[in-house]
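A short write-up of the structure that comes next.
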There are 2 protein chains.
Amino acid sequence: MKQIENLLGFRESIKVVDATLRDGGLVNDFFFEDDFVKALYRTNVEAGVDYMEMGYRASKKVFDETKFGKWKFSTDDHIREIVGDNDTSLKLAIMADIGRHDKNDFDKKCNSPVDLVRVATYIHQMPDAIDMIEDAAAKGYETSCNIMAISNAQEKDIKVALDMLGQTPVDVIYIVDSFGSIYPEQMARIADLYMEFATKYNKKLGIHAHNNQQLAFANTIEACGDGVDWLDATYLSMGRGAGNCAMELLLGFLKNPKYELYPVFRFIENYMMELKKKGVTWGYDIPYLMTGLLNQHPRSAIKFIKDGREDLTEFYKELMD
Amino acid sequence: MKQIENLLGFRESIKVVDATLRDGGLVNDFFFEDDFVKALYRTNVEAGVDYMEMGYRASKKVFDETKFGKWKFSTDDHIREIVGDNDTSLKLAIMADIGRHDKNDFDKKCNSPVDLVRVATYIHQMPDAIDMIEDAAAKGYETSCNIMAISNAQEKDIKVALDMLGQTPVDVIYIVDSFGSIYPEQMARIADLYMEFATKYNKKLGIHAHNNQQLAFANTIEACGDGVDWLDATYLSMGRGAGNCAMELLLGFLKNPKYELYPVFRFIENYMMELKKKGVTWGYDIPYLMTGLLNQHPRSAIKFIKDGREDLTEFYKELMD
């Protein structure tokens, strides 16, 4: 907690990124109604959010288009149907998931409504990620890189990856707590490590947190206090498993007067609550706490909940095996 | 975050206090079945919890006994029905809420199963609180003091209160985030302030957090890292409004091998989930976020939810009026 004197001030360099369509899409296989997406877009504009992630641009060679909503494939045409020419201050992002993307799906920036290409990668895929970053940057996009599952990586490997990334055109390097296993005290250490390379190579840092231990918001503001500028959030925390840092918490915390809470609450009332009522399920729950605590991928917890199981203690024993 | 080097170690002086019956009782008017309370007691023993709060000892002159469950009045006899002679390492506590207590309801410690009397007070009631602390200490009890609603108090008044408390026999002084409005960064500052007086007068510090902004656990481990030893938690966060720091999160974080998670999960599976299914309602929700954010008592949010209202934006406007 490094910014005590600034609790009433604000930092111009902070960027809030709405990841609802993308991480939230992992909950409902990206089947969002156009009406929902348009309202989300308008809300982000009114709330002063800086970037809106319009989903993944997954390769149709890898995924069957009939099995997912369009925001898993998020073409420029899909996006234009929502935003037109996007004549607003809100910038648009899409995510390329390394190994499940096709760089040929990305036109030149001058032909696309997309501003930022977010590259998500495991640490062992770094050369492929760098290829994607260089391609996107050459086409004129801003770029960021999420190194996933770092809680299971060796610190030395992370340093090598950060050093490799530093030498690319990437604009933002993201700290990602994929399993929701990281405590704020550890987040501070990780932010320090990332900052070393960010300073050396003149990069920005970002944070993407998960809520398995009810720490997504706490870790996000911890990282923010440590100098991390790009902050991911989703409305009502909607995201895989336990979900993400809640937009309503984050904008309540940030003091920049450009951020507005009222449209956020209106969107939650009119749209997010509907999703919940329809039975779309995400958010903090004991099975996610267990996988977070044990530093494991949430897939087993997602299955436990999907299967309607309630035998928490049996599940905990299974995870410990 | 002051304990980076100790993340794998543990501090013997830490005490975990289960407040489920007391703060959770505010959710269901203290109508817990004996079977539930016995299971909770056994769970606390098996999980290595240090203290179990057996409810309030409210004055029957102030509250109508027919309108509440017995754990609002928690007599020595009530407690003995559950714990017998309490031949365990778990210590027992009750809370006296200043202005709604009667010190004559407290027998001498040698005649009571209670170990610790927790005195809850607003800052303007401090002389009455000190009278209660002195009476309980003279009777042979350990004593602690919760100064409530400090987020609305002047720092100077808090200092006066801490100085007064320092001169009493009280063993533990609690930092209480009654409205769930405090951020970890502020918690660190508050802990420093309290520590000044705790050091001067040789007192222990405690933390009692609320989850309005999903920060109850984060604030508790922040305070723990700042040297606060007594940590309140409740199973599945059960407590007024947005609830408290979750026992399952806290014991997952603490590294002392005496703490066991398995009985915690078993109790949640067998008892807490039943309460939820019966419609007992607590936990993080947007109306509680709103009162937390605006540093207000949660009573209006509790009413909003009890009334079945869903017009979040109207409610937000009402709170801002």
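Residues are referred to by chain and number: the chain letter is A, B, ... according to the order shown in the structure tokens, the number counts from 1 in that chain, and ligands are numbered separately from 1 in the order shown.
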Restrict the distance test to only C-alpha atoms, flag each residue of chain A within 7 Å of chain B, and return the flagged residues as a CSV table (one decimal) with all heavy atoms, in the first residue's frame.
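Below you can see selection.csv, which holds the result:
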```
chain,number,residue,atom,x,y,z
A,1,MET,N,0.9,-1.2,0.0
A,1,MET,CA,0.0,0.0,0.0
A,1,MET,C,0.9,1.2,0.0
A,1,MET,O,1.4,1.7,1.0
A,1,MET,CB,-0.9,0.0,1.2
A,1,MET,CG,-1.9,-1.1,1.2
A,1,MET,SD,-3.1,-0.9,-0.2
A,1,MET,CE,-3.7,-2.5,-0.4
A,4,ILE,N,-0.7,6.1,0.3
A,4,ILE,CA,-1.6,6.6,1.3
A,4,ILE,C,-1.9,8.1,1.1
A,4,ILE,O,-3.1,8.5,1.2
A,4,ILE,CB,-0.9,6.4,2.7
A,4,ILE,CG1,-1.0,4.9,3.0
A,4,ILE,CG2,-1.6,7.3,3.8
A,4,ILE,CD1,-0.3,4.5,4.3
A,185,GLU,N,-0.4,-9.4,-0.4
A,185,GLU,CA,1.0,-9.4,0.0
A,185,GLU,C,1.9,-10.0,-1.1
A,185,GLU,O,3.0,-9.4,-1.4
A,185,GLU,CB,1.2,-10.2,1.3
A,185,GLU,CG,2.5,-10.2,1.9
A,185,GLU,CD,2.5,-10.9,3.2
A,185,GLU,OE1,1.4,-11.0,3.8
A,185,GLU,OE2,3.5,-11.3,3.7
A,213,GLN,N,-10.8,-16.2,-3.8
A,213,GLN,CA,-10.7,-16.0,-2.4
A,213,GLN,C,-11.2,-14.6,-2.0
A,213,GLN,O,-10.7,-14.0,-1.0
A,213,GLN,CB,-9.2,-16.1,-2.0
A,213,GLN,CG,-8.7,-17.5,-2.3
A,213,GLN,CD,-7.4,-17.8,-1.6
A,213,GLN,OE1,-7.4,-18.1,-0.4
A,213,GLN,NE2,-6.2,-17.7,-2.3
A,214,GLN,N,-12.1,-14.1,-2.8
A,214,GLN,CA,-12.7,-12.8,-2.5
A,214,GLN,C,-11.6,-11.7,-2.5
A,214,GLN,O,-11.7,-10.8,-1.7
A,214,GLN,CB,-13.5,-12.7,-1.2
A,214,GLN,CG,-14.8,-13.5,-1.3
A,214,GLN,CD,-15.7,-13.3,-0.1
A,214,GLN,OE1,-15.6,-12.4,0.6
A,214,GLN,NE2,-16.7,-14.2,0.0
A,215,LEU,N,-10.6,-11.9,-3.3
A,215,LEU,CA,-9.5,-10.9,-3.3
A,215,LEU,C,-9.3,-10.2,-4.7
A,215,LEU,O,-8.3,-9.5,-4.9
A,215,LEU,CB,-8.2,-11.6,-2.9
A,215,LEU,CG,-8.2,-12.1,-1.4
A,215,LEU,CD1,-6.9,-13.0,-1.2
A,215,LEU,CD2,-8.2,-10.9,-0.5
A,218,ALA,N,-9.4,-6.5,-4.0
A,218,ALA,CA,-8.3,-6.1,-3.1
A,218,ALA,C,-7.0,-6.2,-3.8
A,218,ALA,O,-6.1,-5.4,-3.7
A,218,ALA,CB,-8.3,-7.0,-1.9
A,249,LEU,N,-17.2,-2.0,-7.8
A,249,LEU,CA,-16.3,-1.8,-6.7
A,249,LEU,C,-15.1,-0.9,-7.2
A,249,LEU,O,-14.7,0.0,-6.5
A,249,LEU,CB,-15.7,-3.1,-6.2
A,249,LEU,CG,-16.7,-4.0,-5.4
A,249,LEU,CD1,-16.1,-5.4,-5.2
A,249,LEU,CD2,-17.1,-3.4,-4.1
A,252,GLY,N,-16.1,2.7,-7.9
A,252,GLY,CA,-16.3,3.3,-6.6
A,252,GLY,C,-15.1,3.7,-5.9
A,252,GLY,O,-15.1,4.7,-5.1
A,262,TYR,N,-23.3,5.9,-11.6
A,262,TYR,CA,-24.7,5.7,-11.8
A,262,TYR,C,-25.1,4.8,-13.0
A,262,TYR,O,-25.9,3.9,-12.9
A,262,TYR,CB,-25.4,7.1,-11.9
A,262,TYR,CG,-26.9,7.1,-11.9
A,262,TYR,CD1,-27.6,6.9,-10.8
A,262,TYR,CD2,-27.6,7.1,-13.2
A,262,TYR,CE1,-29.0,6.8,-10.8
A,262,TYR,CE2,-28.9,7.0,-13.2
A,262,TYR,CZ,-29.6,6.9,-12.0
A,262,TYR,OH,-31.0,6.8,-12.1
A,265,PHE,N,-24.6,1.1,-12.1
A,265,PHE,CA,-25.7,0.5,-11.3
A,265,PHE,C,-27.0,0.3,-12.2
A,265,PHE,O,-27.7,-0.7,-12.1
A,265,PHE,CB,-26.1,1.4,-10.1
A,265,PHE,CG,-25.0,1.4,-9.0
A,265,PHE,CD1,-24.6,2.6,-8.4
A,265,PHE,CD2,-24.4,0.2,-8.6
A,265,PHE,CE1,-23.6,2.6,-7.5
A,265,PHE,CE2,-23.4,0.2,-7.6
A,265,PHE,CZ,-23.0,1.4,-7.1
A,266,ARG,N,-27.2,1.3,-13.1
A,266,ARG,CA,-28.4,1.1,-14.0
A,266,ARG,C,-28.2,-0.1,-14.9
A,266,ARG,O,-29.2,-0.9,-15.1
A,266,ARG,CB,-28.5,2.4,-14.9
A,266,ARG,CG,-29.9,2.6,-15.5
A,266,ARG,CD,-29.9,3.8,-16.3
A,266,ARG,NE,-28.7,3.8,-17.2
A,266,ARG,CZ,-28.2,4.9,-17.7
A,266,ARG,NH1,-28.7,6.1,-17.5
A,266,ARG,NH2,-27.1,4.9,-18.5
A,269,GLU,N,-28.8,-3.2,-12.8
A,269,GLU,CA,-30.2,-3.4,-12.5
A,269,GLU,C,-31.0,-3.9,-13.7
A,269,GLU,O,-31.7,-4.9,-13.6
A,269,GLU,CB,-30.8,-2.0,-12.0
A,269,GLU,CG,-32.3,-2.1,-11.8
A,269,GLU,CD,-32.9,-0.7,-11.4
A,269,GLU,OE1,-32.1,0.1,-10.9
A,269,GLU,OE2,-34.1,-0.5,-11.6
A,293,LEU,N,-7.4,-21.8,-3.3
A,293,LEU,CA,-6.5,-22.1,-2.1
A,293,LEU,C,-5.4,-23.1,-2.5
A,293,LEU,O,-4.3,-23.0,-2.0
A,293,LEU,CB,-7.4,-22.7,-1.0
A,293,LEU,CG,-6.9,-22.7,0.4
A,293,LEU,CD1,-6.6,-21.3,0.9
A,293,LEU,CD2,-8.1,-23.2,1.3
A,311,ASP,N,-21.5,-32.1,-2.3
A,311,ASP,CA,-20.7,-32.7,-1.3
A,311,ASP,C,-19.3,-32.1,-1.3
A,311,ASP,O,-18.3,-32.6,-1.8
A,311,ASP,CB,-20.6,-34.2,-1.6
A,311,ASP,CG,-20.1,-34.5,-3.1
A,311,ASP,OD1,-20.4,-33.6,-3.9
A,311,ASP,OD2,-19.5,-35.5,-3.3
A,312,LEU,N,-19.3,-30.9,-0.6
A,312,LEU,CA,-18.1,-30.1,-0.6
A,312,LEU,C,-16.9,-30.8,0.0
A,312,LEU,O,-15.8,-30.7,-0.5
A,312,LEU,CB,-18.4,-28.8,0.3
A,312,LEU,CG,-19.4,-27.8,-0.3
A,312,LEU,CD1,-19.7,-26.8,0.7
A,312,LEU,CD2,-18.8,-27.2,-1.5
A,313,THR,N,-17.1,-31.6,1.1
A,313,THR,CA,-15.9,-32.2,1.7
A,313,THR,C,-15.3,-33.3,0.8
A,313,THR,O,-14.1,-33.4,0.8
A,313,THR,CB,-16.3,-32.8,3.1
A,313,THR,OG1,-17.5,-33.5,3.0
A,313,THR,CG2,-16.5,-31.6,4.1
```
At most 10 Å is the cut-off: for each residue in range 162-281 of chain A with any atom that close to an atom of range 103-124 of chain A, write down the nearest atom pair and the distance in Å rounded to one decimal, counting only C-alpha atoms, chain first then increasing number, as a Markdown table.
```
| residue | atom | partner | partner_atom | distance |
| --- | --- | --- | --- | --- |
| A:Leu162 | CA | A:Ile123 | CA | 9.8 |
| A:Val170 | CA | A:Val119 | CA | 9.5 |
| A:Asp171 | CA | A:Leu116 | CA | 9.6 |
| A:Val172 | CA | A:Arg118 | CA | 9.0 |
| A:Ile173 | CA | A:Arg118 | CA | 9.7 |
| A:Tyr174 | CA | A:Ala120 | CA | 9.2 |
| A:Val176 | CA | A:Ala120 | CA | 9.6 |
```
TODO: Apply DSSP to the backbone of this structure and, from range 36-186 of chain A, keep only the residues in alpha helix (DSSP H); write these as a PyMOL selection string.
DONE: chain A and resi 36-47+76-83+126-138+155-166+184-186
TODO: Output as a list in words all residues of range 166-286 of chain A that backbone DSSP marks as strand (DSSP E).
DONE: Val172, Ile173, Tyr174, Ile175, Val176, Lys204, Leu205, Gly206, Ile207, His208, Trp230, Leu231, Asp232 and Ala233 of chain A
Task: Spatial neighbours of range 301-308 of chain B, 7 Å, only C-alpha atoms, chain gap at least 4 places, as number ranges by chain - done: B: 241, 287-288, 291
Could you write out that same residue set with all heavy atoms as a CSV table (one decimal), in the first residue's frame?
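Here's the written file again-v5.csv:
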```csv
chain,number,residue,atom,x,y,z
B,241,GLY,N,-26.0,-7.8,7.1
B,241,GLY,CA,-25.9,-7.2,5.8
B,241,GLY,C,-25.0,-8.1,4.9
B,241,GLY,O,-25.2,-9.2,4.6
B,287,PRO,N,-26.8,-3.4,-2.9
B,287,PRO,CA,-27.2,-2.4,-1.9
B,287,PRO,C,-26.2,-2.2,-0.8
B,287,PRO,O,-26.0,-1.1,-0.3
B,287,PRO,CB,-28.6,-2.9,-1.4
B,287,PRO,CG,-29.1,-3.8,-2.5
B,287,PRO,CD,-27.8,-4.4,-3.1
B,288,TYR,N,-25.6,-3.3,-0.4
B,288,TYR,CA,-24.6,-3.2,0.7
B,288,TYR,C,-23.3,-2.5,0.2
B,288,TYR,O,-22.7,-1.8,1.0
B,288,TYR,CB,-24.2,-4.6,1.3
B,288,TYR,CG,-25.4,-5.3,1.9
B,288,TYR,CD1,-25.7,-6.6,1.5
B,288,TYR,CD2,-26.2,-4.7,2.9
B,288,TYR,CE1,-26.8,-7.2,2.0
B,288,TYR,CE2,-27.2,-5.3,3.4
B,288,TYR,CZ,-27.6,-6.6,3.0
B,288,TYR,OH,-28.6,-7.2,3.6
B,291,THR,N,-24.1,1.3,0.5
B,291,THR,CA,-24.0,1.9,1.8
B,291,THR,C,-22.5,1.9,2.3
B,291,THR,O,-22.1,2.8,2.9
B,291,THR,CB,-24.9,1.2,2.9
B,291,THR,OG1,-24.5,-0.2,3.0
B,291,THR,CG2,-26.4,1.3,2.6
```
Task: Å distance separating CA of Lys258 in chain A from CA of Arg309 in chain B, one decimal place - done: 29.4 Å
